[in-house]
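Scroll down for the structure; my scribbles are underneath it.
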Amino acid sequence: MIDSTIFKSYDIRGVYPDQLNEDSAYKIGRGFVRHTGAKKVAVGYDARISSPVLFDSLVKGITEEGANVYNLGQVPTECLYFGVGFYDFDAGIMITASHNPKEYNGFKMLKKSGNNIEVIKGIDLQSIVEAGNFKNDITKGLIAQKDIWQDYINHILSFVNLDKIKPFKIAVDASNGVAGLAVAKIGNKLPAKIFLLNYEPDGAFPNHSPNPLLPGSTDQVKKEIEKENADFGFIFDGDADRIFLVDENGWLVKADIVLLLLAKYFLQKNQGSTIAYNAICSKTVPELIKKWGGKTIRTKVGFVNVREGLLKNNGIMGGELSGHYCFRDNYYLDSGMIGFLILLQIISQEHKKVSEIVQEMSLYAKSSEINFEIVNKEEVLNKIKEKYADGKQDYLDGITVEYKSWWFNVRASQTEPLLRLTIEADTRDLLEEKQKELKSFINN
C-alpha cells in the first residue's frame, strides 16, 4: 500500500522508509515511464543516506517499464536539469528531498516536450502508481553511465565573464549537500579565494540542517567570514538548487534583495527584459526593476509558478523568497550555481560592501513570513477581506491588501493548517503597529 501523502503539488516527497520506500520507488519508476512515454530517462541522486537504495528500486521500475536509464551519479539537482535540457534524454528524475531533514527523500521529475521542459508534479503520477496495473511482458530497458560534469561546468560558466570577477575572499557553506562537488570543480577557475565549508556530501547533515533558513544554519559561515576577514559568503541548501548570500557581517541577505541583484545584472545586458517575482516579494522589486528599464510579472508563491510566469511572458529570469532563481537560458529552470557566479560578478561591479548594497535596495520595512495555525482558513480570509475592504485588494495568491504607506498578504498553506502573513510598510514603527494589529485580528 503506497502512502498517498507523498504525492505533492510539485514533486514526490516523504519520510524514508515509513512513507517512501523501495516498493513505492519501483512503482513510481514504472508509473513515470507510463505517464511520460519516455524512452531515455536520466537519473541523478543527492547525498541522502537513502538515495542509493531508492535509486536501485527506481531504476528497476523504469527499466522494467521499457525505458533506458542514464545514470548521472551523485550530482546537484540543477545538473540533472541541465542534462535533460542539453542531451537527447526524454525525461529525468532527481532523487532528493531538497532542504528537508535527513530522514526525508523524494523525486523531482522532468519531461522534455519539444524545445520545452515540463515539470512533472507528484499528483500527476498518483493515480497510475496507486493503480499499479503494470505488465510483465515488456522488453526491459538498459542502464548506462553518463558523466555530464564537464558540459555542465561549461554551461554555468557561460553566464559570466570570469575576468570581471574581483579576487574576493569568500566563505561558501555547502551544507554537506551536493553543492560542494560543483564548487570544488570550478573553484580553481575563479579569481576569488574560497573558504569551503561542509563540502563533503554527507546525508546525515552532521553540521547543520540542509535548510539554510532554519535557526543556526548560518552560524558556521558567519564565523568563517569573521575568522578569515572574508568579503562575504554564500550558503547552499541540500541539493544546491537554492542559494543564499551572506554579507560581510554574517547576516543572511533577504532573497528578494538577491533577486534584485540578479535582475540588475540581466537588465544591464538585456534592456527591457521581463523579470518574474512572487506576490510576497518587497514592492522594492517591481519599483527598481522598472527604474532600471525592465518589465515585471508578478506570480503566485512557489517556484513552479514563477517559472510558469517566465515561460508565458518570455521573461529572462525570476526568483522568490525561498532562494530559488530560474533563468531563461537554463531551460527556465532554477540553479544555485548560476546565481552564485552572477552574484560574484555583479558584486564585483558595485564597488561597495554587500551590506551597503543591501541597504540601498532596502527601501521599506518588511517582515518575515508569520505563520498562524488556523483550521478554518477560508473563514478567516473572508473576515480579513471585510475588515480591510477600504484597501486595494487582489486575490492572485490568498489576499493582498495595499494602502498608501503599507501592504500585507495573507495566504493559506496548501499542505498544512496554516495561514501565512507578510507585511511591508514605509517605516519600522508602522510595520510593528500593523503586525500587532493583524496578529491580534487573525488570532481572535
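In the C-alpha cells, each chain is lettered A, B, ... as it comes, each chain's residues begin at 1, and ligands are numbered from 1 in order of appearance.
For A:Pro212, the list of residues within 7 Å, based on only C-alpha atoms and with local chain neighbours fewer than 6 positions off taken out, reads Thr218, Ile235, Phe236 and Asp237 of chain A.
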For the selection you just gave me, I'd like the residues written to a file as a CSV table (one decimal), in the first residue's frame, keeping N, CA and C atoms.
chain,number,residue,atom,x,y,z
A,218,THR,N,23.3,29.3,9.6
A,218,THR,CA,24.4,30.2,9.1
A,218,THR,C,25.5,30.5,10.1
A,235,ILE,N,25.6,30.3,1.2
A,235,ILE,CA,25.2,29.0,1.8
A,235,ILE,C,24.2,28.4,0.8
A,236,PHE,N,24.4,27.1,0.5
A,236,PHE,CA,23.5,26.4,-0.4
A,236,PHE,C,22.6,25.4,0.5
A,237,ASP,N,21.5,25.0,-0.1
A,237,ASP,CA,20.7,24.0,0.5
A,237,ASP,C,21.2,22.6,0.1
Go through stretch 79-313 of chain A and collect every residue that DSSP, computed from the backbone, puts in alpha helix (DSSP H); the answer should be as an mmCIF file with C-alpha atoms, in the first residue's frame.
data_model
loop_
_atom_site.group_PDB
_atom_site.id
_atom_site.type_symbol
_atom_site.label_atom_id
_atom_site.label_comp_id
_atom_site.auth_asym_id
_atom_site.auth_seq_id
_atom_site.Cartn_x
_atom_site.Cartn_y
_atom_site.Cartn_z
ATOM 1 C CA CYS A 79 22.984 19.238 -13.045
ATOM 2 C CA LEU A 80 20.213 16.702 -13.728
ATOM 3 C CA TYR A 81 18.042 19.540 -15.067
ATOM 4 C CA PHE A 82 20.840 20.627 -17.385
ATOM 5 C CA GLY A 83 21.291 17.055 -18.592
ATOM 6 C CA VAL A 84 17.638 16.785 -19.611
ATOM 7 C CA GLY A 85 17.837 20.093 -21.475
ATOM 8 C CA PHE A 86 21.223 19.613 -23.138
ATOM 9 C CA GLY A 122 3.757 14.279 -7.883
ATOM 10 C CA ILE A 123 -0.016 14.418 -8.156
ATOM 11 C CA ASP A 124 0.289 13.773 -11.931
ATOM 12 C CA LEU A 125 1.519 10.243 -11.168
ATOM 13 C CA GLN A 126 -0.629 9.385 -8.171
ATOM 14 C CA SER A 127 -3.484 7.534 -9.859
ATOM 15 C CA ILE A 128 -1.179 5.499 -12.160
ATOM 16 C CA VAL A 129 1.149 4.477 -9.320
ATOM 17 C CA GLU A 130 -1.652 3.640 -6.898
ATOM 18 C CA ALA A 131 -3.495 1.548 -9.514
ATOM 19 C CA TRP A 149 30.079 17.246 -15.343
ATOM 20 C CA GLN A 150 32.281 18.977 -17.947
ATOM 21 C CA ASP A 151 29.391 20.074 -20.150
ATOM 22 C CA TYR A 152 27.505 21.269 -17.067
ATOM 23 C CA ILE A 153 30.509 23.274 -15.790
ATOM 24 C CA ASN A 154 30.960 24.861 -19.250
ATOM 25 C CA HIS A 155 27.264 25.762 -19.226
ATOM 26 C CA ILE A 156 27.179 27.510 -15.854
ATOM 27 C CA LEU A 157 30.444 29.372 -16.535
ATOM 28 C CA ALA A 179 26.971 21.898 -3.817
ATOM 29 C CA GLY A 180 30.498 21.111 -2.610
ATOM 30 C CA LEU A 181 31.042 18.830 -5.629
ATOM 31 C CA ALA A 182 30.303 21.675 -8.052
ATOM 32 C CA VAL A 183 32.157 24.427 -6.161
ATOM 33 C CA ALA A 184 35.248 22.210 -5.938
ATOM 34 C CA LYS A 185 35.204 21.735 -9.730
ATOM 35 C CA ILE A 186 35.020 25.451 -10.568
ATOM 36 C CA ASP A 219 26.417 30.133 12.335
ATOM 37 C CA GLN A 220 29.412 28.431 10.729
ATOM 38 C CA VAL A 221 29.603 30.613 7.641
ATOM 39 C CA LYS A 222 29.305 33.706 9.844
ATOM 40 C CA LYS A 223 32.237 32.530 12.000
ATOM 41 C CA GLU A 224 34.286 31.742 8.885
ATOM 42 C CA ILE A 225 33.677 35.234 7.468
ATOM 43 C CA GLU A 226 34.881 36.749 10.759
ATOM 44 C CA LYS A 227 37.860 34.392 11.080
ATOM 45 C CA GLU A 228 39.153 34.902 7.524
ATOM 46 C CA ALA A 255 16.147 36.637 -1.143
ATOM 47 C CA ASP A 256 14.139 39.426 -2.800
ATOM 48 C CA ILE A 257 17.184 41.723 -2.487
ATOM 49 C CA VAL A 258 19.308 38.972 -4.072
ATOM 50 C CA LEU A 259 16.678 38.758 -6.839
ATOM 51 C CA LEU A 260 17.203 42.475 -7.474
ATOM 52 C CA LEU A 261 20.977 41.999 -7.757
ATOM 53 C CA LEU A 262 20.490 39.203 -10.280
ATOM 54 C CA ALA A 263 17.856 41.216 -12.166
ATOM 55 C CA LYS A 264 20.217 44.201 -12.371
ATOM 56 C CA TYR A 265 22.875 42.015 -13.989
ATOM 57 C CA PHE A 266 20.474 40.712 -16.641
ATOM 58 C CA LEU A 267 18.954 44.124 -17.341
ATOM 59 C CA GLN A 268 22.403 45.621 -17.918
ATOM 60 C CA LYS A 269 22.894 43.037 -20.674
ATOM 61 C CA THR A 284 11.062 47.441 -3.985
ATOM 62 C CA VAL A 285 11.402 44.631 -6.559
ATOM 63 C CA PRO A 286 8.993 45.977 -9.219
ATOM 64 C CA GLU A 287 9.921 49.599 -8.428
ATOM 65 C CA LEU A 288 13.663 49.152 -9.033
ATOM 66 C CA ILE A 289 13.265 46.793 -11.980
ATOM 67 C CA LYS A 290 11.060 49.371 -13.738
ATOM 68 C CA LYS A 291 13.546 52.118 -12.814
ATOM 69 C CA PHE A 303 8.996 28.148 -7.886
ATOM 70 C CA VAL A 304 6.752 26.340 -10.398
ATOM 71 C CA ASN A 305 4.541 29.459 -10.557
ATOM 72 C CA VAL A 306 7.498 31.818 -11.052
ATOM 73 C CA ARG A 307 8.768 29.563 -13.838
ATOM 74 C CA GLU A 308 5.340 29.498 -15.465
ATOM 75 C CA GLY A 309 5.221 33.304 -15.338
ATOM 76 C CA LEU A 310 8.581 33.455 -17.132
ATOM 77 C CA LEU A 311 7.543 30.964 -19.791
ATOM 78 C CA LYS A 312 4.240 32.721 -20.558
ATOM 79 C CA ASN A 313 5.818 36.185 -20.723
#
| Among listed residues A:Ser9, A:Ala192, A:Ser335, A:Asn100, nearest A:Gln414 (using only C-alpha atoms) |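 Once distances to A:Gln414 are computed over only C-alpha atoms, the minimum belongs to A:Ser9.
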Residues of stretch 362-420 of chain A at most 12 Å from stretch 343-358 of chain A: nearest atom pair and distance in Å, only C-alpha atoms, as a Markdown table:
| residue | atom | partner | partner_atom | distance |
| --- | --- | --- | --- | --- |
| A:Ser362 | CA | A:Val358 | CA | 6.1 |
| A:Leu363 | CA | A:Val358 | CA | 9.5 |
| A:Tyr364 | CA | A:Val358 | CA | 11.7 |
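Computed from the coordinates, the atom CA of A:Phe372 to atom CA of A:Asn444 distance equals 11.3 Å.
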| remark: Of A:Lys140, A:Lys387, A:Arg428, A:Lys377, the one sitting nearest A:Glu416 when using only C-alpha atoms is A:Lys377
| 8 Å contact set for A:Leu381, only C-alpha atoms, chain neighbours under 6 positions out, as a ChimeraX atom specification | /A:398-399,410-411
With N, CA and C atoms kept, could you save the residues just selected as a JSON list (two decimals), in the first residue's frame?
[["chain", "number", "residue", "atom", "x", "y", "z"],
["A", 398, "GLY", "N", -3.98, 34.02, -2.22],
["A", 398, "GLY", "CA", -4.59, 34.44, -0.98],
["A", 398, "GLY", "C", -5.22, 35.80, -1.18],
["A", 399, "ILE", "N", -4.99, 36.71, -0.24],
["A", 399, "ILE", "CA", -5.48, 38.08, -0.38],
["A", 399, "ILE", "C", -4.33, 39.06, -0.11],
["A", 410, "VAL", "N", -2.06, 37.70, 3.02],
["A", 410, "VAL", "CA", -2.37, 36.52, 3.83],
["A", 410, "VAL", "C", -2.76, 35.40, 2.87],
["A", 411, "ARG", "N", -2.11, 34.27, 2.99],
["A", 411, "ARG", "CA", -2.42, 33.15, 2.09],
["A", 411, "ARG", "C", -2.42, 31.86, 2.90]]
| said: Among stretch 259-407 of chain A, which ones does DSSP assign to strand (DSSP E) (computed from the backbone)? Answer as a ChimeraX atom specification. | reply: /A:274-278,295-299,317-319,325-327,333-334,365-366,370-373,392-394,399-402,406-407
| Using only C-alpha atoms, which of A:Ile93, A:Ile49, A:Ala412, A:Met317 sits nearest A:Tyr16? | A:Ile49
| said: One number please: atom CA of A:Asn314 to atom CA of A:Gln271, in Å, one decimal. | reply: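 Atom-to-atom, atom CA of A:Asn314 to atom CA of A:Gln271, that is 13.6 Å.
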| task | Give me the residues within 8 Å of A:Ser175 as a PyMOL selection string, counting only C-alpha atoms and dropping any in the same chain fewer than 5 places off. | result | chain A and resi 197-199+205+207-210+235-238
| request: Compare A:Ala230, A:Asn409, A:Gly250, A:Ile148 by their minimum atom-to-atom distance to A:Gly216, counting only C-alpha atoms, and give me the closest one. | output: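 Of all the options, A:Gly250 lies closest to A:Gly216.
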| request: Please indicate the distance in Å from atom CA of A:Tyr10 to atom CA of A:Lys385, rounded to one decimal place. | output: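 The value is 28.8 Å.
Shortest separation to A:Asn382 among A:Ile95, A:Lys366, A:Phe234, A:Ile442 occurs at residue A:Ile442, atoms counted being only C-alpha atoms.
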| Among the residues A:Lys8, A:Glu118, A:Leu430, A:Arg30, the one that comes closest to A:Tyr332 [using only C-alpha atoms] |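 Nearest to A:Tyr332: A:Glu118.
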